[in-house]
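K.L.:
Quick one, start.cif (mmCIF, C-alpha atoms, pLDDT in the B column; chains and numbers go by the auth columns):
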data_protein
#
loop_
_atom_site.group_PDB
_atom_site.id
_atom_site.type_symbol
_atom_site.label_atom_id
_atom_site.label_comp_id
_atom_site.label_asym_id
_atom_site.label_seq_id
_atom_site.Cartn_x
_atom_site.Cartn_y
_atom_site.Cartn_z
_atom_site.B_iso_or_equiv
_atom_site.auth_seq_id
_atom_site.auth_asym_id
ATOM 1 C CA MET A 1 -42.024 3.582 25.561 47.00 37 A
ATOM 2 C CA SER A 2 -39.652 2.246 22.951 48.00 38 A
ATOM 3 C CA PHE A 3 -35.980 1.801 23.688 52.00 39 A
ATOM 4 C CA MET A 4 -35.087 1.464 20.046 52.00 40 A
ATOM 5 C CA THR A 5 -32.907 4.188 18.699 54.00 41 A
ATOM 6 C CA SER A 6 -32.356 5.123 15.135 51.00 42 A
ATOM 7 C CA PRO A 7 -29.515 3.151 13.546 56.00 43 A
ATOM 8 C CA ARG A 8 -26.145 4.808 13.286 57.00 44 A
ATOM 9 C CA PRO A 9 -25.068 5.685 9.786 59.00 45 A
ATOM 10 C CA ILE A 10 -22.435 3.300 8.462 55.00 46 A
ATOM 11 C CA ASP A 11 -19.483 4.686 6.592 58.00 47 A
ATOM 12 C CA ALA A 12 -19.152 2.188 3.769 63.00 48 A
ATOM 13 C CA ALA A 13 -15.660 3.455 2.947 61.00 49 A
ATOM 14 C CA MET A 14 -14.417 2.179 6.293 66.00 50 A
ATOM 15 C CA ASP A 15 -15.400 -1.396 5.433 69.00 51 A
ATOM 16 C CA VAL A 16 -13.904 -1.516 1.963 69.00 52 A
ATOM 17 C CA PRO A 17 -10.233 -2.324 1.306 68.00 53 A
ATOM 18 C CA PRO A 18 -8.282 -0.072 -1.046 67.00 54 A
ATOM 19 C CA ASP A 19 -8.892 -0.599 -4.732 75.00 55 A
ATOM 20 C CA PRO A 20 -6.259 -3.081 -5.951 72.00 56 A
ATOM 21 C CA ARG A 21 -5.880 -0.991 -9.111 85.00 57 A
ATOM 22 C CA GLN A 22 -4.963 2.132 -7.138 91.00 58 A
ATOM 23 C CA PRO A 23 -1.514 3.416 -8.162 94.00 59 A
ATOM 24 C CA MET A 24 1.346 3.285 -5.695 94.00 60 A
ATOM 25 C CA THR A 25 1.810 6.213 -3.353 94.00 61 A
ATOM 26 C CA ALA A 26 4.570 8.788 -3.791 96.00 62 A
ATOM 27 C CA GLU A 27 6.256 7.362 -0.685 96.00 63 A
ATOM 28 C CA GLN A 28 6.176 3.839 -2.151 96.00 64 A
ATOM 29 C CA GLU A 29 7.511 5.123 -5.457 97.00 65 A
ATOM 30 C CA GLN A 30 10.485 6.825 -3.799 97.00 66 A
ATOM 31 C CA ARG A 31 11.289 3.801 -1.625 96.00 67 A
ATOM 32 C CA LEU A 32 10.967 1.465 -4.601 96.00 68 A
ATOM 33 C CA ARG A 33 13.227 3.675 -6.744 97.00 69 A
ATOM 34 C CA ASP A 34 15.880 3.700 -4.012 96.00 70 A
ATOM 35 C CA LEU A 35 15.716 -0.054 -3.398 95.00 71 A
ATOM 36 C CA SER A 36 15.694 -0.867 -7.115 95.00 72 A
ATOM 37 C CA GLU A 37 18.718 1.317 -7.738 94.00 73 A
ATOM 38 C CA ARG A 38 20.667 -0.231 -4.845 92.00 74 A
ATOM 39 C CA ALA A 39 19.777 -3.755 -5.961 91.00 75 A
ATOM 40 C CA GLY A 40 20.512 -3.058 -9.632 93.00 76 A
ATOM 41 C CA GLU A 41 16.942 -4.035 -10.470 92.00 77 A
ATOM 42 C CA ALA A 42 14.571 -2.399 -12.944 94.00 78 A
ATOM 43 C CA PHE A 43 12.071 0.095 -11.558 96.00 79 A
ATOM 44 C CA ASP A 44 8.456 -0.210 -12.730 95.00 80 A
ATOM 45 C CA ALA A 45 6.540 3.064 -12.281 95.00 81 A
ATOM 46 C CA GLU A 46 3.249 1.421 -13.259 96.00 82 A
ATOM 47 C CA LEU A 47 2.839 -0.823 -10.205 96.00 83 A
ATOM 48 C CA THR A 48 -0.345 -0.690 -8.164 94.00 84 A
ATOM 49 C CA LEU A 49 -0.409 0.019 -4.445 91.00 85 A
ATOM 50 C CA TRP A 50 -0.385 -3.689 -3.579 90.00 86 A
ATOM 51 C CA GLN A 51 2.152 -4.668 -6.237 94.00 87 A
ATOM 52 C CA ALA A 52 4.509 -1.958 -4.988 95.00 88 A
ATOM 53 C CA GLU A 53 4.070 -3.178 -1.414 93.00 89 A
ATOM 54 C CA ARG A 54 5.034 -6.715 -2.439 94.00 90 A
ATOM 55 C CA ARG A 55 7.958 -5.530 -4.594 95.00 91 A
ATOM 56 C CA ILE A 56 9.321 -3.388 -1.769 95.00 92 A
ATOM 57 C CA ALA A 57 9.145 -6.391 0.563 94.00 93 A
ATOM 58 C CA GLU A 58 10.978 -8.541 -2.027 94.00 94 A
ATOM 59 C CA LEU A 59 13.727 -5.957 -2.469 94.00 95 A
ATOM 60 C CA ASP A 60 14.014 -5.487 1.313 92.00 96 A
ATOM 61 C CA ASP A 61 14.498 -9.254 1.666 90.00 97 A
ATOM 62 C CA LEU A 62 17.006 -9.309 -1.167 86.00 98 A
ATOM 63 C CA ALA A 63 19.010 -6.478 0.361 81.00 99 A
ATOM 64 C CA GLY A 64 18.609 -7.733 3.929 80.00 100 A
ATOM 65 C CA THR A 65 17.153 -4.413 4.999 69.00 101 A
ATOM 66 C CA THR A 66 14.214 -3.697 7.210 64.00 102 A
ATOM 67 C CA PRO A 67 11.463 -1.363 6.107 61.00 103 A
ATOM 68 C CA PRO A 68 11.339 2.026 7.822 61.00 104 A
ATOM 69 C CA ALA A 69 8.975 2.347 10.772 59.00 105 A
ATOM 70 C CA SER A 70 5.631 3.911 9.884 56.00 106 A
#
Translate the structure described by the file into structure tokens.

P.N.:
Amino acid sequence: MSFMTSPRPIDAAMDVPPDPRQPMTAEQEQRLRDLSERAGEAFDAELTLWQAERRIAELDDLAGTTPPAS
């Protein structure tokens, strides 16, 4: 008798990070607009998901604010 079972299917999407070219989310866009306006900085609507994340962190540091809890 064999104790081998059939392999579980692997969801490849679970092992792949988000596409770095993916556009920012609507939530990121709103937060970035607000922070940019408060800081008197230009808002760039063409940022990617990761670029927006970094820019939000920069503006949070500049303003001395903490990001909202997820």

K.L.:
Find the distance between CA of Ser72 (chain A) and CA of Gln58 (chain A) and write it in Å to one decimal.

P.N.:
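CA of Ser72 (chain A) sits 20.9 Å away from CA of Gln58 (chain A).
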
K.L.:
Assuming 6 Å of padding per side, give the centre and edge lengths of the axis-aligned box around every listed atom of region 80-95 of chain A, in Å to one decimal and as AutoDock Vina command-line options.

P.N.:
--center_x 6.7 --center_y -2.7 --center_z -6.3 --size_x 26.1 --size_y 23.6 --size_z 25.8

K.L.:
Separation of CA of Arg90 (chain A) and CA of Met60 (chain A), in Å?

P.N.:
11.1 Å

K.L.:
Quick one: which residues end up in the PyMOL selection byres ((chain A and resi 62) around 12) for this structure, as a list in words?

P.N.:
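On the file shown, the PyMOL selection byres ((chain A and resi 62) around 12) covers Pro59, Met60, Thr61, Glu63, Gln64, Glu65, Gln66, Arg67, Leu68, Arg69, Ala81, Leu83, Thr84, Leu85 and Ala88 of chain A.
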
K.L.:
Rank A:Arg91, A:Asp70, A:Gly76, A:Trp86 by their smallest atom-to-atom distance to Asp55 (chain A), using all atoms listed in the file, and report the top residue only.

P.N.:
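Checking each of A:Arg91, A:Asp70, A:Gly76, A:Trp86 against Asp55 (chain A), counting all atoms listed in the file, the winner is A:Trp86.
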